[in-house]
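Data block for data36.pdb (PDB, C-alpha atoms):
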```
MODEL        1
ATOM      1  CA  MET A   1      -0.042 -13.133   4.019  1.00  0.00           C
ATOM      2  CA  LEU A   2       0.182  -9.520   2.942  1.00  0.00           C
ATOM      3  CA  THR A   3       1.675  -6.499   4.661  1.00  0.00           C
ATOM      4  CA  ILE A   4       1.645  -3.007   3.195  1.00  0.00           C
ATOM      5  CA  ASP A   5       4.039  -0.241   4.187  1.00  0.00           C
ATOM      6  CA  THR A   6       3.749   3.339   3.067  1.00  0.00           C
ATOM      7  CA  GLN A   7       6.326   6.068   3.193  1.00  0.00           C
ATOM      8  CA  ILE A   8       6.771   9.532   1.775  1.00  0.00           C
ATOM      9  CA  GLU A   9       9.805  10.545  -0.253  1.00  0.00           C
ATOM     10  CA  ASN A  10       9.736  14.174  -1.330  1.00  0.00           C
ATOM     11  CA  THR A  11       6.386  14.505  -3.102  1.00  0.00           C
ATOM     12  CA  HIS A  12       5.999  10.782  -3.743  1.00  0.00           C
ATOM     13  CA  HIS A  13       4.010   8.311  -1.686  1.00  0.00           C
ATOM     14  CA  ILE A  14       5.620   4.894  -1.855  1.00  0.00           C
ATOM     15  CA  LEU A  15       3.428   1.902  -1.190  1.00  0.00           C
ATOM     16  CA  THR A  16       5.248  -1.376  -0.550  1.00  0.00           C
ATOM     17  CA  PRO A  17       3.089  -4.504  -0.474  1.00  0.00           C
ATOM     18  CA  SER A  18       4.944  -7.622   0.687  1.00  0.00           C
ATOM     19  CA  GLY A  19       3.659 -11.143   0.121  1.00  0.00           C
ATOM     20  CA  GLU A  20       0.814 -12.595  -1.887  1.00  0.00           C
ATOM     21  CA  ILE A  21      -2.185 -10.564  -3.057  1.00  0.00           C
ATOM     22  CA  ASP A  22      -5.356 -12.585  -3.562  1.00  0.00           C
ATOM     23  CA  ALA A  23      -9.105 -12.365  -2.980  1.00  0.00           C
ATOM     24  CA  SER A  24      -8.652 -12.744   0.784  1.00  0.00           C
ATOM     25  CA  ASN A  25      -6.553  -9.620   1.207  1.00  0.00           C
ATOM     26  CA  SER A  26      -6.884  -7.406  -1.883  1.00  0.00           C
ATOM     27  CA  VAL A  27      -9.123  -5.154   0.202  1.00  0.00           C
ATOM     28  CA  GLN A  28      -5.990  -4.139   2.152  1.00  0.00           C
ATOM     29  CA  LEU A  29      -4.379  -2.925  -1.066  1.00  0.00           C
ATOM     30  CA  ASP A  30      -7.593  -1.141  -2.019  1.00  0.00           C
ATOM     31  CA  GLU A  31      -7.786   0.598   1.350  1.00  0.00           C
ATOM     32  CA  SER A  32      -4.138   1.660   1.234  1.00  0.00           C
ATOM     33  CA  ILE A  33      -4.494   3.229  -2.208  1.00  0.00           C
ATOM     34  CA  ARG A  34      -7.812   4.861  -1.305  1.00  0.00           C
ATOM     35  CA  HIS A  35      -6.315   6.265   1.871  1.00  0.00           C
ATOM     36  CA  LEU A  36      -3.414   7.812  -0.045  1.00  0.00           C
ATOM     37  CA  SER A  37      -5.747   9.211  -2.663  1.00  0.00           C
ATOM     38  CA  GLU A  38      -8.096  10.700  -0.068  1.00  0.00           C
ATOM     39  CA  SER A  39      -5.232  12.249   1.820  1.00  0.00           C
ATOM     40  CA  GLY A  40      -4.291  14.180  -1.309  1.00  0.00           C
ATOM     41  CA  ALA A  41      -1.414  12.143  -2.735  1.00  0.00           C
ATOM     42  CA  ARG A  42      -0.550  13.271  -6.291  1.00  0.00           C
ATOM     43  CA  SER A  43       2.116  10.692  -6.991  1.00  0.00           C
ATOM     44  CA  ILE A  44       1.731   7.095  -5.844  1.00  0.00           C
ATOM     45  CA  LEU A  45       4.541   4.656  -6.499  1.00  0.00           C
ATOM     46  CA  VAL A  46       3.935   0.995  -5.820  1.00  0.00           C
ATOM     47  CA  ASP A  47       7.129  -0.862  -4.998  1.00  0.00           C
ATOM     48  CA  GLY A  48       6.415  -4.298  -6.446  1.00  0.00           C
ATOM     49  CA  THR A  49       9.745  -5.809  -5.432  1.00  0.00           C
ATOM     50  CA  HIS A  50       8.203  -7.842  -2.625  1.00  0.00           C
ATOM     51  CA  ILE A  51       5.011  -8.957  -4.351  1.00  0.00           C
ATOM     52  CA  ASP A  52       5.368 -12.731  -4.701  1.00  0.00           C
ATOM     53  CA  TYR A  53       1.996 -13.352  -6.279  1.00  0.00           C
ATOM     54  CA  ILE A  54      -0.992 -11.388  -7.511  1.00  0.00           C
ATOM     55  CA  SER A  55      -4.348 -12.734  -8.615  1.00  0.00           C
ATOM     56  CA  SER A  56      -7.091 -10.928 -10.518  1.00  0.00           C
ATOM     57  CA  ALA A  57      -8.419  -9.554  -7.224  1.00  0.00           C
ATOM     58  CA  GLY A  58      -5.238  -7.508  -6.810  1.00  0.00           C
ATOM     59  CA  LEU A  59      -5.036  -6.538 -10.468  1.00  0.00           C
ATOM     60  CA  GLY A  60      -8.638  -5.368 -10.264  1.00  0.00           C
ATOM     61  CA  VAL A  61      -7.738  -2.956  -7.485  1.00  0.00           C
ATOM     62  CA  PHE A  62      -5.180  -1.173  -9.678  1.00  0.00           C
ATOM     63  CA  MET A  63      -7.594  -1.165 -12.598  1.00  0.00           C
ATOM     64  CA  SER A  64     -10.389   0.353 -10.559  1.00  0.00           C
ATOM     65  CA  TYR A  65      -8.350   3.504  -9.881  1.00  0.00           C
ATOM     66  CA  LEU A  66      -7.090   4.130 -13.402  1.00  0.00           C
ATOM     67  CA  GLU A  67      -9.904   6.353 -14.610  1.00  0.00           C
ATOM     68  CA  ASP A  68     -10.319   8.289 -11.361  1.00  0.00           C
ATOM     69  CA  PHE A  69      -6.621   8.981 -11.129  1.00  0.00           C
ATOM     70  CA  GLN A  70      -6.486  10.085 -14.737  1.00  0.00           C
ATOM     71  CA  GLU A  71      -9.339  12.537 -14.122  1.00  0.00           C
ATOM     72  CA  LYS A  72      -7.783  13.859 -10.924  1.00  0.00           C
ATOM     73  CA  GLY A  73      -4.259  14.009 -12.329  1.00  0.00           C
ATOM     74  CA  VAL A  74      -2.918  11.509  -9.804  1.00  0.00           C
ATOM     75  CA  SER A  75       0.077   9.557 -11.022  1.00  0.00           C
ATOM     76  CA  LEU A  76       0.159   5.814 -10.253  1.00  0.00           C
ATOM     77  CA  LYS A  77       3.283   3.880 -11.135  1.00  0.00           C
ATOM     78  CA  ILE A  78       4.401   0.372 -10.304  1.00  0.00           C
ATOM     79  CA  PHE A  79       8.048  -0.644 -10.279  1.00  0.00           C
ATOM     80  CA  GLY A  80      10.285  -3.622  -9.549  1.00  0.00           C
ATOM     81  CA  LEU A  81       7.815  -6.402 -10.312  1.00  0.00           C
ATOM     82  CA  LYS A  82       9.245  -9.908 -10.370  1.00  0.00           C
ATOM     83  CA  PRO A  83       9.160 -11.344 -13.914  1.00  0.00           C
ATOM     84  CA  ARG A  84       6.498 -13.953 -13.096  1.00  0.00           C
ATOM     85  CA  VAL A  85       4.282 -11.281 -11.526  1.00  0.00           C
ATOM     86  CA  TYR A  86       4.860  -8.854 -14.407  1.00  0.00           C
ATOM     87  CA  GLU A  87       3.813 -11.604 -16.821  1.00  0.00           C
ATOM     88  CA  VAL A  88       0.387 -11.741 -15.194  1.00  0.00           C
ATOM     89  CA  PHE A  89      -0.071  -8.020 -15.996  1.00  0.00           C
ATOM     90  CA  GLN A  90       1.066  -8.791 -19.541  1.00  0.00           C
ATOM     91  CA  ILE A  91      -1.380 -11.657 -20.063  1.00  0.00           C
ATOM     92  CA  LEU A  92      -4.227  -9.188 -19.594  1.00  0.00           C
ATOM     93  CA  GLY A  93      -2.521  -6.373 -21.457  1.00  0.00           C
ATOM     94  CA  LEU A  94      -2.428  -4.290 -18.281  1.00  0.00           C
ATOM     95  CA  ASP A  95       1.207  -3.435 -18.941  1.00  0.00           C
ATOM     96  CA  GLN A  96      -0.170  -1.162 -21.686  1.00  0.00           C
ATOM     97  CA  LEU A  97      -2.653   0.551 -19.375  1.00  0.00           C
ATOM     98  CA  ILE A  98      -0.686   0.941 -16.152  1.00  0.00           C
ATOM     99  CA  SER A  99       2.691   2.669 -15.946  1.00  0.00           C
ATOM    100  CA  ILE A 100       5.103  -0.118 -15.028  1.00  0.00           C
ATOM    101  CA  PHE A 101       8.852   0.419 -14.635  1.00  0.00           C
ATOM    102  CA  PRO A 102      11.734  -1.966 -14.005  1.00  0.00           C
ATOM    103  CA  ASP A 103      13.034  -0.053 -10.986  1.00  0.00           C
ATOM    104  CA  LYS A 104      12.463   2.948  -8.760  1.00  0.00           C
ATOM    105  CA  GLU A 105      14.981   5.136 -10.576  1.00  0.00           C
ATOM    106  CA  SER A 106      13.261   4.747 -13.923  1.00  0.00           C
ATOM    107  CA  ALA A 107       9.842   5.280 -12.332  1.00  0.00           C
ATOM    108  CA  LEU A 108      11.028   8.545 -10.782  1.00  0.00           C
ATOM    109  CA  ALA A 109      12.729   9.683 -13.967  1.00  0.00           C
ATOM    110  CA  GLN A 110       9.466   9.794 -15.921  1.00  0.00           C
TER     111      GLN A 110
ATOM    112  CA  MET B   1      -0.664 -39.782 -10.369  1.00  0.00           C
ATOM    113  CA  LYS B   2      -3.777 -38.148  -9.011  1.00  0.00           C
ATOM    114  CA  GLN B   3      -3.505 -35.789  -6.041  1.00  0.00           C
ATOM    115  CA  LYS B   4      -6.489 -34.351  -4.209  1.00  0.00           C
ATOM    116  CA  ILE B   5      -7.326 -31.588  -1.800  1.00  0.00           C
ATOM    117  CA  GLN B   6     -10.547 -30.472  -0.149  1.00  0.00           C
ATOM    118  CA  LEU B   7     -10.948 -26.754   0.463  1.00  0.00           C
ATOM    119  CA  SER B   8     -13.310 -24.962   2.775  1.00  0.00           C
ATOM    120  CA  CYS B   9     -15.243 -22.215   0.963  1.00  0.00           C
ATOM    121  CA  GLN B  10     -13.400 -19.291   2.516  1.00  0.00           C
ATOM    122  CA  THR B  11     -10.956 -17.008   0.761  1.00  0.00           C
ATOM    123  CA  SER B  12      -8.388 -17.851   3.452  1.00  0.00           C
ATOM    124  CA  ALA B  13      -8.221 -21.338   1.860  1.00  0.00           C
ATOM    125  CA  LEU B  14      -6.650 -19.856  -1.289  1.00  0.00           C
ATOM    126  CA  ALA B  15      -3.183 -19.698   0.295  1.00  0.00           C
ATOM    127  CA  GLU B  16      -3.541 -23.356   1.268  1.00  0.00           C
ATOM    128  CA  LEU B  17      -4.512 -24.125  -2.330  1.00  0.00           C
ATOM    129  CA  ARG B  18      -1.405 -22.372  -3.659  1.00  0.00           C
ATOM    130  CA  ARG B  19       0.882 -24.291  -1.296  1.00  0.00           C
ATOM    131  CA  PHE B  20      -0.721 -27.560  -2.450  1.00  0.00           C
ATOM    132  CA  LEU B  21      -0.293 -26.669  -6.115  1.00  0.00           C
ATOM    133  CA  GLU B  22       3.281 -25.448  -5.671  1.00  0.00           C
ATOM    134  CA  GLN B  23       4.189 -28.740  -4.040  1.00  0.00           C
ATOM    135  CA  GLN B  24       2.413 -30.919  -6.593  1.00  0.00           C
ATOM    136  CA  LEU B  25       3.508 -28.987  -9.670  1.00  0.00           C
ATOM    137  CA  GLU B  26       7.169 -29.039  -8.718  1.00  0.00           C
ATOM    138  CA  SER B  27       7.644 -32.583  -9.974  1.00  0.00           C
ATOM    139  CA  THR B  28       5.855 -32.002 -13.303  1.00  0.00           C
ATOM    140  CA  SER B  29       7.368 -31.048 -16.657  1.00  0.00           C
ATOM    141  CA  LEU B  30       5.959 -27.520 -16.505  1.00  0.00           C
ATOM    142  CA  SER B  31       8.370 -24.593 -16.476  1.00  0.00           C
ATOM    143  CA  GLU B  32       8.491 -22.307 -13.427  1.00  0.00           C
ATOM    144  CA  ARG B  33       6.589 -19.694 -15.434  1.00  0.00           C
ATOM    145  CA  ASP B  34       3.844 -22.157 -16.411  1.00  0.00           C
ATOM    146  CA  ARG B  35       3.603 -23.502 -12.865  1.00  0.00           C
ATOM    147  CA  HIS B  36       2.957 -19.975 -11.627  1.00  0.00           C
ATOM    148  CA  GLN B  37       0.356 -19.267 -14.299  1.00  0.00           C
ATOM    149  CA  VAL B  38      -1.429 -22.588 -13.910  1.00  0.00           C
ATOM    150  CA  THR B  39      -1.582 -22.022 -10.137  1.00  0.00           C
ATOM    151  CA  LEU B  40      -3.164 -18.651 -10.827  1.00  0.00           C
ATOM    152  CA  ALA B  41      -5.753 -20.107 -13.227  1.00  0.00           C
ATOM    153  CA  VAL B  42      -6.800 -22.858 -10.802  1.00  0.00           C
ATOM    154  CA  GLU B  43      -6.998 -20.308  -7.985  1.00  0.00           C
ATOM    155  CA  GLU B  44      -9.156 -17.980 -10.078  1.00  0.00           C
ATOM    156  CA  VAL B  45     -11.712 -20.740 -10.682  1.00  0.00           C
ATOM    157  CA  CYS B  46     -11.713 -21.758  -7.012  1.00  0.00           C
ATOM    158  CA  ALA B  47     -11.969 -18.136  -5.815  1.00  0.00           C
ATOM    159  CA  ASN B  48     -14.924 -17.634  -8.124  1.00  0.00           C
ATOM    160  CA  LEU B  49     -16.719 -20.659  -6.709  1.00  0.00           C
ATOM    161  CA  ILE B  50     -15.904 -19.749  -3.110  1.00  0.00           C
ATOM    162  CA  ILE B  51     -17.079 -16.148  -3.468  1.00  0.00           C
ATOM    163  CA  HIS B  52     -19.946 -16.322  -5.960  1.00  0.00           C
ATOM    164  CA  SER B  53     -21.362 -19.859  -5.826  1.00  0.00           C
ATOM    165  CA  HIS B  54     -20.831 -20.483  -2.105  1.00  0.00           C
ATOM    166  CA  LYS B  55     -20.887 -16.911  -0.736  1.00  0.00           C
ATOM    167  CA  CYS B  56     -17.809 -17.693   1.417  1.00  0.00           C
ATOM    168  CA  ASN B  57     -19.725 -20.244   3.493  1.00  0.00           C
ATOM    169  CA  GLY B  58     -16.959 -22.103   5.337  1.00  0.00           C
ATOM    170  CA  ARG B  59     -19.172 -25.132   5.838  1.00  0.00           C
ATOM    171  CA  ASP B  60     -19.238 -25.746   2.082  1.00  0.00           C
ATOM    172  CA  HIS B  61     -16.339 -27.420   0.338  1.00  0.00           C
ATOM    173  CA  ILE B  62     -14.809 -27.658  -3.093  1.00  0.00           C
ATOM    174  CA  PHE B  63     -12.690 -30.559  -4.211  1.00  0.00           C
ATOM    175  CA  LEU B  64      -9.662 -30.290  -6.441  1.00  0.00           C
ATOM    176  CA  SER B  65      -7.778 -33.127  -8.043  1.00  0.00           C
ATOM    177  CA  MET B  66      -4.693 -32.879 -10.177  1.00  0.00           C
ATOM    178  CA  ASN B  67      -3.762 -35.597 -12.621  1.00  0.00           C
ATOM    179  CA  ASP B  68      -0.250 -35.476 -14.031  1.00  0.00           C
ATOM    180  CA  LEU B  69      -0.380 -37.337 -17.361  1.00  0.00           C
ATOM    181  CA  PRO B  70       2.449 -37.872 -19.893  1.00  0.00           C
ATOM    182  CA  ASP B  71       1.378 -35.048 -22.193  1.00  0.00           C
ATOM    183  CA  ARG B  72      -0.815 -32.861 -19.993  1.00  0.00           C
ATOM    184  CA  ILE B  73      -1.986 -31.919 -16.538  1.00  0.00           C
ATOM    185  CA  VAL B  74      -5.672 -32.103 -15.781  1.00  0.00           C
ATOM    186  CA  PHE B  75      -7.220 -30.244 -12.860  1.00  0.00           C
ATOM    187  CA  GLU B  76     -10.729 -31.208 -11.823  1.00  0.00           C
ATOM    188  CA  ILE B  77     -12.615 -28.839  -9.580  1.00  0.00           C
ATOM    189  CA  GLU B  78     -15.845 -30.185  -8.142  1.00  0.00           C
ATOM    190  CA  ASP B  79     -18.468 -28.438  -6.079  1.00  0.00           C
ATOM    191  CA  GLN B  80     -22.132 -28.665  -5.285  1.00  0.00           C
ATOM    192  CA  GLY B  81     -23.055 -25.023  -5.362  1.00  0.00           C
ATOM    193  CA  GLU B  82     -24.849 -22.988  -7.949  1.00  0.00           C
ATOM    194  CA  ALA B  83     -23.488 -24.132 -11.319  1.00  0.00           C
ATOM    195  CA  PHE B  84     -21.109 -21.656 -12.897  1.00  0.00           C
ATOM    196  CA  ASN B  85     -20.216 -22.583 -16.444  1.00  0.00           C
ATOM    197  CA  LEU B  86     -17.040 -20.792 -17.306  1.00  0.00           C
ATOM    198  CA  LEU B  87     -17.480 -21.594 -20.974  1.00  0.00           C
ATOM    199  CA  GLN B  88     -20.767 -19.726 -21.197  1.00  0.00           C
ATOM    200  CA  TYR B  89     -19.513 -16.703 -19.301  1.00  0.00           C
ATOM    201  CA  GLU B  90     -18.693 -13.820 -21.546  1.00  0.00           C
ATOM    202  CA  ALA B  91     -15.591 -12.227 -20.107  1.00  0.00           C
ATOM    203  CA  PRO B  92     -15.860  -8.440 -19.933  1.00  0.00           C
ATOM    204  CA  ASP B  93     -13.822  -6.190 -22.152  1.00  0.00           C
ATOM    205  CA  ILE B  94     -10.853  -4.691 -20.282  1.00  0.00           C
ATOM    206  CA  GLN B  95     -11.991  -1.151 -21.130  1.00  0.00           C
ATOM    207  CA  ARG B  96     -15.376  -1.923 -19.584  1.00  0.00           C
ATOM    208  CA  VAL B  97     -13.678  -3.180 -16.433  1.00  0.00           C
ATOM    209  CA  ILE B  98     -11.887   0.177 -16.204  1.00  0.00           C
ATOM    210  CA  SER B  99     -14.830   2.423 -16.938  1.00  0.00           C
ATOM    211  CA  GLU B 100     -17.195   0.550 -14.621  1.00  0.00           C
ATOM    212  CA  LYS B 101     -14.490   0.469 -11.934  1.00  0.00           C
ATOM    213  CA  ARG B 102     -15.175  -3.222 -11.531  1.00  0.00           C
ATOM    214  CA  LYS B 103     -12.808  -5.126  -9.329  1.00  0.00           C
ATOM    215  CA  GLY B 104     -13.943  -8.453 -10.742  1.00  0.00           C
ATOM    216  CA  GLY B 105     -14.194 -10.080 -14.129  1.00  0.00           C
ATOM    217  CA  LEU B 106     -10.502 -10.270 -14.882  1.00  0.00           C
ATOM    218  CA  GLY B 107     -10.085 -13.744 -13.390  1.00  0.00           C
ATOM    219  CA  ILE B 108     -12.040 -15.559 -16.077  1.00  0.00           C
ATOM    220  CA  ILE B 109     -10.045 -13.815 -18.791  1.00  0.00           C
ATOM    221  CA  LEU B 110      -6.865 -15.062 -17.129  1.00  0.00           C
ATOM    222  CA  VAL B 111      -8.160 -18.640 -16.923  1.00  0.00           C
ATOM    223  CA  LYS B 112      -9.127 -18.646 -20.602  1.00  0.00           C
ATOM    224  CA  LYS B 113      -5.776 -17.218 -21.655  1.00  0.00           C
ATOM    225  CA  ILE B 114      -3.656 -19.520 -19.500  1.00  0.00           C
ATOM    226  CA  MET B 115      -5.315 -22.910 -19.872  1.00  0.00           C
ATOM    227  CA  ASP B 116      -5.334 -24.862 -23.141  1.00  0.00           C
ATOM    228  CA  GLU B 117      -8.712 -26.503 -22.630  1.00  0.00           C
ATOM    229  CA  ILE B 118     -11.657 -25.902 -20.326  1.00  0.00           C
ATOM    230  CA  GLN B 119     -14.507 -28.355 -19.842  1.00  0.00           C
ATOM    231  CA  PHE B 120     -17.583 -28.050 -17.695  1.00  0.00           C
ATOM    232  CA  GLU B 121     -20.291 -30.483 -16.732  1.00  0.00           C
ATOM    233  CA  SER B 122     -23.043 -30.581 -14.174  1.00  0.00           C
ATOM    234  CA  HIS B 123     -24.478 -33.914 -13.136  1.00  0.00           C
ATOM    235  CA  GLN B 124     -26.891 -34.675 -10.276  1.00  0.00           C
ATOM    236  CA  GLY B 125     -26.008 -31.544  -8.360  1.00  0.00           C
ATOM    237  CA  THR B 126     -22.235 -31.871  -8.775  1.00  0.00           C
ATOM    238  CA  ASN B 127     -20.456 -29.388 -11.016  1.00  0.00           C
ATOM    239  CA  THR B 128     -17.121 -30.329 -12.507  1.00  0.00           C
ATOM    240  CA  CYS B 129     -14.805 -27.838 -14.115  1.00  0.00           C
ATOM    241  CA  ARG B 130     -11.820 -29.402 -15.869  1.00  0.00           C
ATOM    242  CA  LEU B 131      -8.783 -27.286 -16.693  1.00  0.00           C
ATOM    243  CA  ILE B 132      -6.193 -28.796 -18.984  1.00  0.00           C
ATOM    244  CA  LYS B 133      -2.652 -27.669 -19.693  1.00  0.00           C
ATOM    245  CA  PHE B 134      -0.603 -29.503 -22.302  1.00  0.00           C
ATOM    246  CA  PHE B 135       3.143 -29.662 -21.886  1.00  0.00           C
ATOM    247  CA  GLN B 136       5.132 -27.388 -24.215  1.00  0.00           C
ATOM    248  CA  SER B 137       1.987 -25.793 -25.560  1.00  0.00           C
TER     249      SER B 137
ENDMDL
END
```

Would you mind writing the file's structure down as structure tokens?
Amino acid sequence: MLTIDTQIENTHHILTPSGEIDASNSVQLDESIRHLSESGARSILVDGTHIDYISSAGLGVFMSYLEDFQEKGVSLKIFGLKPRVYEVFQILGLDQLISIFPDKESALAQ
Amino acid sequence: MKQKIQLSCQTSALAELRRFLEQQLESTSLSERDRHQVTLAVEEVCANLIIHSHKCNGRDHIFLSMNDLPDRIVFEIEDQGEAFNLLQYEAPDIQRVISEKRKGGLGIILVKKIMDEIQFESHQGTNTCRLIKFFQS
């Protein structure tokens, strides 16, 4: 079960997925990010506090936007991941490729 | 003790698979961190079979058994679809995944990094993928 909320704070678009992200629902995450990108968002922050689980299908969604966002100057940051979820990013070395922060404050500070 | 589950080849079965694994792995010697990672690896293999070998055909099934042994846990995933030998699959380079904007390919890398041993055999139309995790490895 996955729900995704979005809200705007100043110039930042905050995306909050809650639940488990797997191959059955990663398309929801993809659509949410694409929608923000198409509507002109320049700063996307993913609040990972409520992500209980993420499989490669979800990781792949983030990966697929990296190059596009870099070219377009869109900032994508993830914060607040639970340790066991963060470890999955680490196993693949994605923590070196995606901007991941411990909390919202540190994500906004950079 | 060997525990088994039969899954319909639909991605909606993946949540059911996770609940089964969570329940079964709780009584093993694996740490919480390893339980989470092993669940992920087993799910990645099953998702691959469901999506690629069985094209999400809900009438097809895959069978998973988990055997909790003194020094290891052995997962056996059986199906009768198109054989997919994980061992022969060359996982893509992460940079290639990024530049080709692929949303797939990362799962197999995860499985290979998480599990200690992977075995594959195909016999009379039944494919068996065995994933092994040793305790304290």

Test item: residues at most 9 Å from stretch 49-65 of chain B, only C-alpha atoms, excluding those fewer than 2 positions along its chain, as a PDB file with C-alpha atoms, in the frame of the given file:
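File produced: out-v4.pdb:
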```pdb
ATOM      1  CA  ALA A  23      -9.105 -12.365  -2.980  1.00  0.00           C
TER       2      ALA A  23
ATOM      3  CA  LYS B   2      -3.777 -38.148  -9.011  1.00  0.00           C
ATOM      4  CA  GLN B   3      -3.505 -35.789  -6.041  1.00  0.00           C
ATOM      5  CA  LYS B   4      -6.489 -34.351  -4.209  1.00  0.00           C
ATOM      6  CA  ILE B   5      -7.326 -31.588  -1.800  1.00  0.00           C
ATOM      7  CA  GLN B   6     -10.547 -30.472  -0.149  1.00  0.00           C
ATOM      8  CA  LEU B   7     -10.948 -26.754   0.463  1.00  0.00           C
ATOM      9  CA  SER B   8     -13.310 -24.962   2.775  1.00  0.00           C
ATOM     10  CA  CYS B   9     -15.243 -22.215   0.963  1.00  0.00           C
ATOM     11  CA  GLN B  10     -13.400 -19.291   2.516  1.00  0.00           C
ATOM     12  CA  THR B  11     -10.956 -17.008   0.761  1.00  0.00           C
ATOM     13  CA  GLU B  44      -9.156 -17.980 -10.078  1.00  0.00           C
ATOM     14  CA  VAL B  45     -11.712 -20.740 -10.682  1.00  0.00           C
ATOM     15  CA  CYS B  46     -11.713 -21.758  -7.012  1.00  0.00           C
ATOM     16  CA  ALA B  47     -11.969 -18.136  -5.815  1.00  0.00           C
ATOM     17  CA  ASN B  67      -3.762 -35.597 -12.621  1.00  0.00           C
ATOM     18  CA  VAL B  74      -5.672 -32.103 -15.781  1.00  0.00           C
ATOM     19  CA  PHE B  75      -7.220 -30.244 -12.860  1.00  0.00           C
ATOM     20  CA  GLU B  76     -10.729 -31.208 -11.823  1.00  0.00           C
ATOM     21  CA  ILE B  77     -12.615 -28.839  -9.580  1.00  0.00           C
ATOM     22  CA  GLU B  78     -15.845 -30.185  -8.142  1.00  0.00           C
ATOM     23  CA  ASP B  79     -18.468 -28.438  -6.079  1.00  0.00           C
ATOM     24  CA  GLN B  80     -22.132 -28.665  -5.285  1.00  0.00           C
ATOM     25  CA  GLY B  81     -23.055 -25.023  -5.362  1.00  0.00           C
ATOM     26  CA  GLU B  82     -24.849 -22.988  -7.949  1.00  0.00           C
ATOM     27  CA  ALA B  83     -23.488 -24.132 -11.319  1.00  0.00           C
ATOM     28  CA  PHE B  84     -21.109 -21.656 -12.897  1.00  0.00           C
TER      29      PHE B  84
END
```

Run the PyMOL selection byres ((chain A) within 10 of (chain B)) on the file and write out the hits as a compact mmCIF listing (two decimals) with C-alpha atoms, in the frame of the given file.
```txt
# COMPACT_ATOMS: atom_id res chain seq x y z
CA MET A 1 -0.04 -13.13 4.02
CA GLU A 20 0.81 -12.60 -1.89
CA ILE A 21 -2.18 -10.56 -3.06
CA ASP A 22 -5.36 -12.58 -3.56
CA ALA A 23 -9.10 -12.36 -2.98
CA SER A 24 -8.65 -12.74 0.78
CA ASN A 25 -6.55 -9.62 1.21
CA SER A 26 -6.88 -7.41 -1.88
CA ASP A 30 -7.59 -1.14 -2.02
CA TYR A 53 2.00 -13.35 -6.28
CA ILE A 54 -0.99 -11.39 -7.51
CA SER A 55 -4.35 -12.73 -8.62
CA SER A 56 -7.09 -10.93 -10.52
CA ALA A 57 -8.42 -9.55 -7.22
CA GLY A 58 -5.24 -7.51 -6.81
CA LEU A 59 -5.04 -6.54 -10.47
CA GLY A 60 -8.64 -5.37 -10.26
CA VAL A 61 -7.74 -2.96 -7.48
CA PHE A 62 -5.18 -1.17 -9.68
CA MET A 63 -7.59 -1.16 -12.60
CA SER A 64 -10.39 0.35 -10.56
CA TYR A 65 -8.35 3.50 -9.88
CA LEU A 66 -7.09 4.13 -13.40
CA GLU A 67 -9.90 6.35 -14.61
CA ASP A 68 -10.32 8.29 -11.36
CA PRO A 83 9.16 -11.34 -13.91
CA ARG A 84 6.50 -13.95 -13.10
CA VAL A 85 4.28 -11.28 -11.53
CA GLU A 87 3.81 -11.60 -16.82
CA VAL A 88 0.39 -11.74 -15.19
CA PHE A 89 -0.07 -8.02 -16.00
CA ILE A 91 -1.38 -11.66 -20.06
CA LEU A 92 -4.23 -9.19 -19.59
CA GLY A 93 -2.52 -6.37 -21.46
CA LEU A 94 -2.43 -4.29 -18.28
CA LEU A 97 -2.65 0.55 -19.38
```

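The coordinates place atom CA of A:Ala107 at 6.8 Å from atom CA of A:Lys77.
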
Exercise. When you draw a straight line from atom CA of B:Leu86 to atom CA of B:Arg19, how long is it in Å?
Worked result: 24.3 Å

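Taking atom CA of B:Gln136 as the reference point, atom CA of B:Phe20 is found at 22.5 Å.
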
For this session: Fewer than 4 positions away in the same chain doesn't count, so skip those; otherwise give me all residues within 12 Å of B:Arg72, counting only C-alpha atoms, as a count of residues only.
Result: 19

For this session: Determine the residue membership of the PyMOL selection byres ((chain A and resi 42) around 12) for the file above and supply it as a ChimeraX atom specification.
Result: /A:8,10-14,33,36-41,43-45,69-77

Problem set entry | Contacts of A:Gln28 at 9 Å (only C-alpha atoms; same-chain gap of 6+ positions) as a ChimeraX atom specification | /A:2-4

Can you write just those residues out, C-alpha atoms, as a PDB file, in the frame of the given file?
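The new file again-v9.pdb reads:
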```pdb
ATOM      1  CA  LEU A   2       0.182  -9.520   2.942  1.00  0.00           C
ATOM      2  CA  THR A   3       1.675  -6.499   4.661  1.00  0.00           C
ATOM      3  CA  ILE A   4       1.645  -3.007   3.195  1.00  0.00           C
TER       4      ILE A   4
END
```

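For the set A:Ser99, A:Ser106, A:Thr6, A:Gly48, the residue with the smallest atom-to-atom gap to A:His35 is A:Thr6, counting all atoms listed in the file.
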
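Distance check against A:Gln110 using all atoms listed in the file: of A:Gly19, A:Asp95, A:Phe79, A:Tyr86, the minimum falls on A:Phe79.
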
Just write stretch 46-58 of chain A with C-alpha atoms, as a short mmCIF file (atom, residue, chain, number, x, y, z; two decimals), in the first residue's frame, taken from the block above.
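Written output follows (decode07.cif):
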```cif
data_model
loop_
_atom_site.label_atom_id
_atom_site.label_comp_id
_atom_site.auth_asym_id
_atom_site.auth_seq_id
_atom_site.Cartn_x
_atom_site.Cartn_y
_atom_site.Cartn_z
CA VAL A 46 11.25 13.59 -1.04
CA ASP A 47 10.28 13.07 2.58
CA GLY A 48 11.37 9.49 3.17
CA THR A 49 10.25 9.36 6.79
CA HIS A 50 7.23 7.20 6.00
CA ILE A 51 8.80 4.86 3.45
CA ASP A 52 8.78 1.44 5.13
CA TYR A 53 10.25 -0.49 2.24
CA ILE A 54 11.63 0.16 -1.22
CA SER A 55 12.56 -2.39 -3.85
CA SER A 56 14.60 -1.87 -7.01
CA ALA A 57 11.45 -0.74 -8.82
CA GLY A 58 11.28 2.33 -6.58
#
```
